[in-house]
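Remarks on the structure that follows.
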Amino acid sequence: MERDPTTTIHAEDLQAGSSYNIPKLTQQVFGKLRAADEIIDEGHFIGKALGEGMNGYRPIVELMNANFGIYGMAELSSAGNTYATTGGQFHMPMTIIGAGGTAPNQALGAEHSQPFHAYVMGIPGLKICTAASPDAAYGLTKSMIRDNGPGILFLPVKMMKEVRGSVQLDHCLPLNQAAVLHRASDAAVQAGTAVTVLTYLHGVKEAQNAIATLKASRPEIDVDLIELRALKPLDLASIRQSLARTHKAVILDESTLTGGVGASISALVHESCYYELDAPVRRLCMDDAPVPYASTMEEAVVKRASDLVAACIDLVDRRF
Amino acid sequence: MRPRIRTPWESIRAQLHGSFHLTEPQLKKYDEVNKEDLLKAYEMMQLSRLFENACNQAYMQGHIRGFMHLDNGQESIPAMIADTIRQGDIKHSYYREHTHALASNVSPNKIMAELFMKKDGTCQGAGGSMHIYDKEHNFQGGWALVSEQLPYAVGAARSILLDRQLYPEKFSKDDRIAVVFVGEGGAQNGRMAECLNAAAKENLPILFIVIDNGRAINTFTPDVAANNDVYLQGLHYGVPGVKVDGQNLVETVQTGRAVVDYVRHKGPAVLQIHTYRFNGHSPADPEHERGRKDEKKWARAEADPIKIFEDLAQSRGWLSAEELEAAKQRMQSVVKQSVDFATQSAFPPRTLAKDLEYPDAPSTDYNQRHVPAELAARAIDHW
């Protein structure tokens, strides 16, 4: 917002810093017109952002929780349509960021645990990214703000306050690339005991825990951990590169069986990497059920590190 | 049956004084509309009527497909827009917007070509009847979901204030406004309340034009709306409003001028225009609205703003029959030209949808994106 005076920001509780201090001090620095506090209706302020975006400004919208974006589905859809439906006349440089999704023991109840990232996958014109670390969030947000179309960046609620790290200042990350967070050893690849794990948001933490567990219990099994920072468009090249080594893939997916992100990814991987696969892609996804409050119920619905460990072992032991 | 309302200028004047606090010297400016302006307004009514009739014909011939919503009966509104709204003003409309685009000086050729799905259309054929956009004339849609245009227009109004803040020297005398069109049915949507609130809270230069034809698609609006005086919705937020008889062109122009000037210099306002829709919701929708057949028959005969004005203009000696006929002929040839243009234009290529997916390719390196020097300089000034 310092660099580009055409940027604006909209959020509920903006003056109070919203949920994670993302808009902290923006109003004091940039004034009420550029940094606007909002009434509680995401459709209303995503709509206003659309109007600003059509008229030379770069609106940033923070969702207090990504789930609340549901109120703005119509406006988000129209934002996605704007460039194409106007025959290319109007850019729509809108950036939406929000922490949402779910995690084991999050206990936020059904309406704060929905996979909004899955709901918006099909919106044309929308670039969709995820970040599970400060450097990813920083670099992707910078790019999305500069991008002339609408983009939405999802962040994991439970990791917002616990993950720390350094960022590369002034550096923009590409919006179409996955991040390889862990590479299986050449030994594991040669032994055929390496697995590709595709995940995003909280799944990154679960996968890192799973890798540690596997090291202890089944040390011959190793993992290519690919964080899907770009959900749309998907970075199939990185996936293909990894499958050429492992020939086995698991998706740890923070969305539902039906219509989820994992479903799209699985279809794309099967269609384009079929001959690299020794087994069908294993999809660990949420059941088609509202995320329950009680942790004992939630264990079945929301897949986690323990499920990932079991899936990797199954694939290596050829149980599929 | 839905009778016409009567809003003689004296009664509007009193409301402009009471609700908008216009003074006597200010009100005097709107007492008369000169002959030249009346003729231009009449031309715009004819252009609208003839254009919409040509669309109807083209639709029946299969050149225009899908949904198409015609403005017949409501022509005083584009006439008032053409009279009061400028190129720099930002216009947001709904799906019955052909005439609003015409009134905003969008090329009739390009509008008709868009309807004919041709690549010389306003949106290269990607949009269609409900999605007319023209960047040069700040005609920003053409939106299909009822009331979605309301917050977009509020954002546009904010952008006007943002411009004044960002380029103070360039916009020191800026009096642009945002204009948004909505039906009296659409105005029952919660978006209307939110947008009146937003307009009031930030004192935005936005005019809400409520096109009150008593029909929300096929529903008789009073069957579902507790209060049909949408112009009074603003009272809760301190936004003044007024209602005028849209079948009287002169009163509509007078009132429009006063309210538009108010928005240019004071703050947001609501202008409710009581009118009639001569056709069904669209040719694609069955016309089984309760009680509509009689109402339509009556309205076409007794509430046609074009005929009413022709009679009035001639009886008052403002315009002669020849002048009126000549104006109609001029507009007839403009409309014919637009149909010829659309017919001769080519269809867009198959690949266009994919080409228009993103303005920036996914592989773009945003590190190479720089803020133009002129803007960057203003960033420093902000501190």
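In the structure tokens, the first chain shown is A, the next is B, and so on; residue numbers restart at 1 for each chain, and ligands run from 1 in the order shown.
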Write out as a count of residues only which residues come within 10 Å of region 83-86 of chain B when counting only C-alpha atoms, dropping same-chain ones fewer than 2 positions away. 31
Return as a short mmCIF file (atom, residue, chain, number, x, y, z; two decimals) with C-alpha atoms, in the first residue's frame the residues belonging to chain A that are within 6 Å of chain B, counting only C-alpha atoms.
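As written to disk, out_2.cif reads:
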```cif
data_model
loop_
_atom_site.label_atom_id
_atom_site.label_comp_id
_atom_site.auth_asym_id
_atom_site.auth_seq_id
_atom_site.Cartn_x
_atom_site.Cartn_y
_atom_site.Cartn_z
CA PRO A 5 -1.18 4.59 -4.07
CA HIS A 44 -21.42 -5.70 0.02
CA GLY A 47 -19.07 -5.59 -4.52
CA LYS A 48 -17.63 -2.18 -3.66
CA ALA A 49 -14.15 -3.52 -4.32
CA LEU A 50 -15.34 -4.63 -7.76
CA GLY A 51 -16.48 -1.09 -8.51
CA GLU A 52 -13.14 0.32 -7.40
CA ALA A 84 -13.86 -11.87 -20.23
CA THR A 85 -17.48 -10.72 -20.30
CA THR A 86 -16.48 -7.15 -21.08
CA GLY A 87 -14.50 -8.46 -24.05
CA GLY A 125 -10.94 -15.82 -14.27
CA SER A 143 1.97 -10.86 -6.79
CA CYS A 172 7.00 -11.49 -5.64
CA ASN A 176 1.42 -20.78 -10.84
#
```
Contacts of Ala210 (chain A) within 8 Å, only C-alpha atoms, excl. fewer than 5 positions in-chain, as a PyMOL selection string: chain A and resi 305-306+308-309
Compile the contact shell of Thr199 (chain A) as a ChimeraX atom specification: residues with an atom at most 6 Å away, counting only C-alpha atoms, same-chain residues fewer than 5 positions apart removed. /A:227-228,251-252
With N, CA, C and O atoms retained, export the selected residues as a compact mmCIF listing (two decimals), in the first residue's frame.
```txt
# COMPACT_ATOMS: atom_id res chain seq x y z
N GLU A 227 3.85 -28.68 -1.71
CA GLU A 227 2.80 -27.79 -1.22
C GLU A 227 2.15 -27.12 -2.44
O GLU A 227 2.82 -26.44 -3.22
N LEU A 228 0.85 -27.32 -2.58
CA LEU A 228 0.13 -26.76 -3.73
C LEU A 228 -0.22 -25.31 -3.45
O LEU A 228 -1.34 -24.97 -3.07
N ILE A 251 -3.01 -37.50 -1.94
CA ILE A 251 -3.44 -36.11 -1.75
C ILE A 251 -4.03 -36.00 -0.35
O ILE A 251 -4.96 -36.75 -0.01
N LEU A 252 -3.49 -35.12 0.47
CA LEU A 252 -4.10 -34.82 1.76
C LEU A 252 -4.91 -33.54 1.55
O LEU A 252 -4.35 -32.45 1.42
```
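Every residue of region 155-255 of chain A with a DSSP assignment of strand (DSSP E or B), taken from the backbone, is listed as Leu155, Pro156, Ala179, Val180, Leu181, His182, Ala194, Val195, Thr196, Val197, Leu198, Thr199, Asp222, Val223, Asp224, Leu225, Ile226, Glu227, Ala230, Leu231, Lys232, Ala249, Val250, Ile251, Leu252, Asp253, Glu254 and Ser255 of chain A.
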Name all residues at most 9 Å from region 65-73 of chain A (count only C-alpha atoms; drop same-chain ones fewer than 3 positions away) and give them as an MDAnalysis selection string. chainID A and resid 19 41:47 62 76:78 97:101 111:117 119:120 154:155 157
How would you write, as a VMD selection string, the set of residues in region 157-300 of chain B that DSSP gives as alpha helix (DSSP H)? chain B and resid 157 to 166 190 to 201 249 to 265 292 to 300
Could you give me, as a tab-separated table, a per-residue list for region 338-363 of chain B showing, wherever an atom lies at most 12 Å from an atom of region 50-59 of chain B, the closest pair of atoms and their distance in Å to one decimal, using only C-alpha atoms and sorting by chain then residue number from low to high?
```
residue	atom	partner	partner_atom	distance
B:Ser338	CA	B:Phe51	CA	8.7
B:Val339	CA	B:Ala54	CA	7.7
B:Asp340	CA	B:Ala54	CA	11.2
B:Ala342	CA	B:Ala58	CA	10.5
B:Thr343	CA	B:Ala58	CA	10.0
```
Writing out the chosen residues with all heavy atoms as a short mmCIF file (atom, residue, chain, number, x, y, z; two decimals), in the first residue's frame:
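Generated output (selection.cif):
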```cif
data_model
loop_
_atom_site.label_atom_id
_atom_site.label_comp_id
_atom_site.auth_asym_id
_atom_site.auth_seq_id
_atom_site.Cartn_x
_atom_site.Cartn_y
_atom_site.Cartn_z
N SER B 338 -27.43 0.63 -37.58
CA SER B 338 -26.89 -0.27 -36.56
C SER B 338 -27.20 -1.72 -36.92
O SER B 338 -26.37 -2.61 -36.71
CB SER B 338 -27.43 0.09 -35.18
OG SER B 338 -28.78 -0.31 -35.03
N VAL B 339 -28.37 -1.96 -37.45
CA VAL B 339 -28.73 -3.33 -37.84
C VAL B 339 -27.87 -3.78 -39.01
O VAL B 339 -27.37 -4.92 -39.03
CB VAL B 339 -30.24 -3.43 -38.18
CG1 VAL B 339 -30.57 -4.83 -38.71
CG2 VAL B 339 -31.09 -3.12 -36.97
N ASP B 340 -27.65 -2.88 -39.98
CA ASP B 340 -26.78 -3.23 -41.11
C ASP B 340 -25.38 -3.54 -40.63
O ASP B 340 -24.76 -4.53 -41.05
CB ASP B 340 -26.73 -2.06 -42.12
CG ASP B 340 -28.06 -1.87 -42.84
OD1 ASP B 340 -28.89 -2.81 -42.82
OD2 ASP B 340 -28.28 -0.78 -43.40
N ALA B 342 -24.40 -4.54 -37.70
CA ALA B 342 -24.38 -5.80 -36.95
C ALA B 342 -24.44 -6.99 -37.90
O ALA B 342 -23.74 -7.98 -37.73
CB ALA B 342 -25.53 -5.83 -35.97
N THR B 343 -25.30 -6.85 -38.91
CA THR B 343 -25.46 -7.95 -39.87
C THR B 343 -24.16 -8.23 -40.61
O THR B 343 -23.79 -9.39 -40.83
CB THR B 343 -26.57 -7.60 -40.88
OG1 THR B 343 -27.76 -7.27 -40.16
CG2 THR B 343 -26.85 -8.77 -41.81
#
```
May I have the residues within 8 Å of Val281 (chain A) as a ChimeraX atom specification, using only C-alpha atoms and disregarding those fewer than 2 positions away in the same chain? /A:248-251,266,269-270,277,279,283
Residues just named, written with all heavy atoms as a PDB file, in the first residue's frame:
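Okay, part24.pdb is ready:
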```
ATOM      1  N   LYS A 248       3.909 -42.895  -7.195  1.00  0.00           N
ATOM      2  CA  LYS A 248       2.811 -43.110  -6.257  1.00  0.00           C
ATOM      3  C   LYS A 248       2.465 -41.747  -5.657  1.00  0.00           C
ATOM      4  O   LYS A 248       3.360 -40.987  -5.312  1.00  0.00           O
ATOM      5  CB  LYS A 248       3.237 -44.043  -5.103  1.00  0.00           C
ATOM      6  CG  LYS A 248       3.748 -45.410  -5.532  1.00  0.00           C
ATOM      7  CD  LYS A 248       4.238 -46.216  -4.351  1.00  0.00           C
ATOM      8  CE  LYS A 248       5.685 -45.949  -3.963  1.00  0.00           C
ATOM      9  NZ  LYS A 248       6.628 -46.207  -5.047  1.00  0.00           N
ATOM     10  N   ALA A 249       1.162 -41.477  -5.518  1.00  0.00           N
ATOM     11  CA  ALA A 249       0.785 -40.168  -4.969  1.00  0.00           C
ATOM     12  C   ALA A 249      -0.369 -40.261  -3.988  1.00  0.00           C
ATOM     13  O   ALA A 249      -1.283 -41.074  -4.161  1.00  0.00           O
ATOM     14  CB  ALA A 249       0.400 -39.228  -6.101  1.00  0.00           C
ATOM     15  N   VAL A 250      -0.269 -39.419  -2.966  1.00  0.00           N
ATOM     16  CA  VAL A 250      -1.362 -39.255  -2.003  1.00  0.00           C
ATOM     17  C   VAL A 250      -1.712 -37.767  -1.966  1.00  0.00           C
ATOM     18  O   VAL A 250      -0.818 -36.929  -1.940  1.00  0.00           O
ATOM     19  CB  VAL A 250      -0.947 -39.652  -0.564  1.00  0.00           C
ATOM     20  CG1 VAL A 250      -2.147 -39.581   0.368  1.00  0.00           C
ATOM     21  CG2 VAL A 250      -0.318 -41.025  -0.532  1.00  0.00           C
ATOM     22  N   ILE A 251      -3.011 -37.497  -1.942  1.00  0.00           N
ATOM     23  CA  ILE A 251      -3.442 -36.107  -1.754  1.00  0.00           C
ATOM     24  C   ILE A 251      -4.032 -35.999  -0.349  1.00  0.00           C
ATOM     25  O   ILE A 251      -4.957 -36.748  -0.009  1.00  0.00           O
ATOM     26  CB  ILE A 251      -4.543 -35.702  -2.763  1.00  0.00           C
ATOM     27  CG1 ILE A 251      -4.072 -35.917  -4.204  1.00  0.00           C
ATOM     28  CG2 ILE A 251      -4.948 -34.248  -2.555  1.00  0.00           C
ATOM     29  CD1 ILE A 251      -5.170 -35.630  -5.225  1.00  0.00           C
ATOM     30  N   SER A 266      -6.922 -34.865  -8.502  1.00  0.00           N
ATOM     31  CA  SER A 266      -6.820 -36.279  -8.838  1.00  0.00           C
ATOM     32  C   SER A 266      -7.154 -36.514 -10.303  1.00  0.00           C
ATOM     33  O   SER A 266      -6.447 -37.237 -11.013  1.00  0.00           O
ATOM     34  CB  SER A 266      -7.767 -37.078  -7.937  1.00  0.00           C
ATOM     35  OG  SER A 266      -7.690 -38.451  -8.241  1.00  0.00           O
ATOM     36  N   VAL A 269      -4.287 -35.227 -12.469  1.00  0.00           N
ATOM     37  CA  VAL A 269      -3.089 -36.069 -12.377  1.00  0.00           C
ATOM     38  C   VAL A 269      -3.295 -37.366 -13.160  1.00  0.00           C
ATOM     39  O   VAL A 269      -2.428 -37.782 -13.929  1.00  0.00           O
ATOM     40  CB  VAL A 269      -2.733 -36.358 -10.901  1.00  0.00           C
ATOM     41  CG1 VAL A 269      -1.631 -37.416 -10.809  1.00  0.00           C
ATOM     42  CG2 VAL A 269      -2.270 -35.086 -10.215  1.00  0.00           C
ATOM     43  N   HIS A 270      -4.440 -38.000 -12.991  1.00  0.00           N
ATOM     44  CA  HIS A 270      -4.705 -39.237 -13.731  1.00  0.00           C
ATOM     45  C   HIS A 270      -4.701 -38.998 -15.228  1.00  0.00           C
ATOM     46  O   HIS A 270      -4.157 -39.788 -15.992  1.00  0.00           O
ATOM     47  CB  HIS A 270      -6.042 -39.848 -13.313  1.00  0.00           C
ATOM     48  CG  HIS A 270      -5.992 -40.569 -12.002  1.00  0.00           C
ATOM     49  ND1 HIS A 270      -6.516 -40.049 -10.849  1.00  0.00           N
ATOM     50  CD2 HIS A 270      -5.468 -41.774 -11.658  1.00  0.00           C
ATOM     51  CE1 HIS A 270      -6.329 -40.898  -9.844  1.00  0.00           C
ATOM     52  NE2 HIS A 270      -5.692 -41.961 -10.310  1.00  0.00           N
ATOM     53  N   LEU A 277       2.008 -43.469 -13.089  1.00  0.00           N
ATOM     54  CA  LEU A 277       1.402 -44.002 -11.867  1.00  0.00           C
ATOM     55  C   LEU A 277       1.448 -45.524 -11.789  1.00  0.00           C
ATOM     56  O   LEU A 277       1.055 -46.212 -12.728  1.00  0.00           O
ATOM     57  CB  LEU A 277      -0.064 -43.545 -11.779  1.00  0.00           C
ATOM     58  CG  LEU A 277      -0.300 -42.043 -11.583  1.00  0.00           C
ATOM     59  CD1 LEU A 277      -1.772 -41.706 -11.778  1.00  0.00           C
ATOM     60  CD2 LEU A 277       0.152 -41.625 -10.188  1.00  0.00           C
ATOM     61  N   ALA A 279      -0.140 -46.822  -9.189  1.00  0.00           N
ATOM     62  CA  ALA A 279      -1.366 -47.061  -8.415  1.00  0.00           C
ATOM     63  C   ALA A 279      -2.268 -45.853  -8.594  1.00  0.00           C
ATOM     64  O   ALA A 279      -1.781 -44.763  -8.921  1.00  0.00           O
ATOM     65  CB  ALA A 279      -1.025 -47.224  -6.937  1.00  0.00           C
ATOM     66  N   ARG A 283      -6.671 -40.444  -2.371  1.00  0.00           N
ATOM     67  CA  ARG A 283      -7.198 -39.131  -1.968  1.00  0.00           C
ATOM     68  C   ARG A 283      -7.712 -39.204  -0.535  1.00  0.00           C
ATOM     69  O   ARG A 283      -8.687 -39.900  -0.261  1.00  0.00           O
ATOM     70  CB  ARG A 283      -8.295 -38.704  -2.938  1.00  0.00           C
ATOM     71  CG  ARG A 283      -8.898 -37.337  -2.666  1.00  0.00           C
ATOM     72  CD  ARG A 283      -9.716 -36.840  -3.847  1.00  0.00           C
ATOM     73  NE  ARG A 283     -10.750 -37.774  -4.251  1.00  0.00           N
ATOM     74  CZ  ARG A 283     -12.040 -37.484  -4.313  1.00  0.00           C
ATOM     75  NH1 ARG A 283     -12.478 -36.297  -3.932  1.00  0.00           N
ATOM     76  NH2 ARG A 283     -12.897 -38.391  -4.733  1.00  0.00           N
TER      77      ARG A 283
END
```
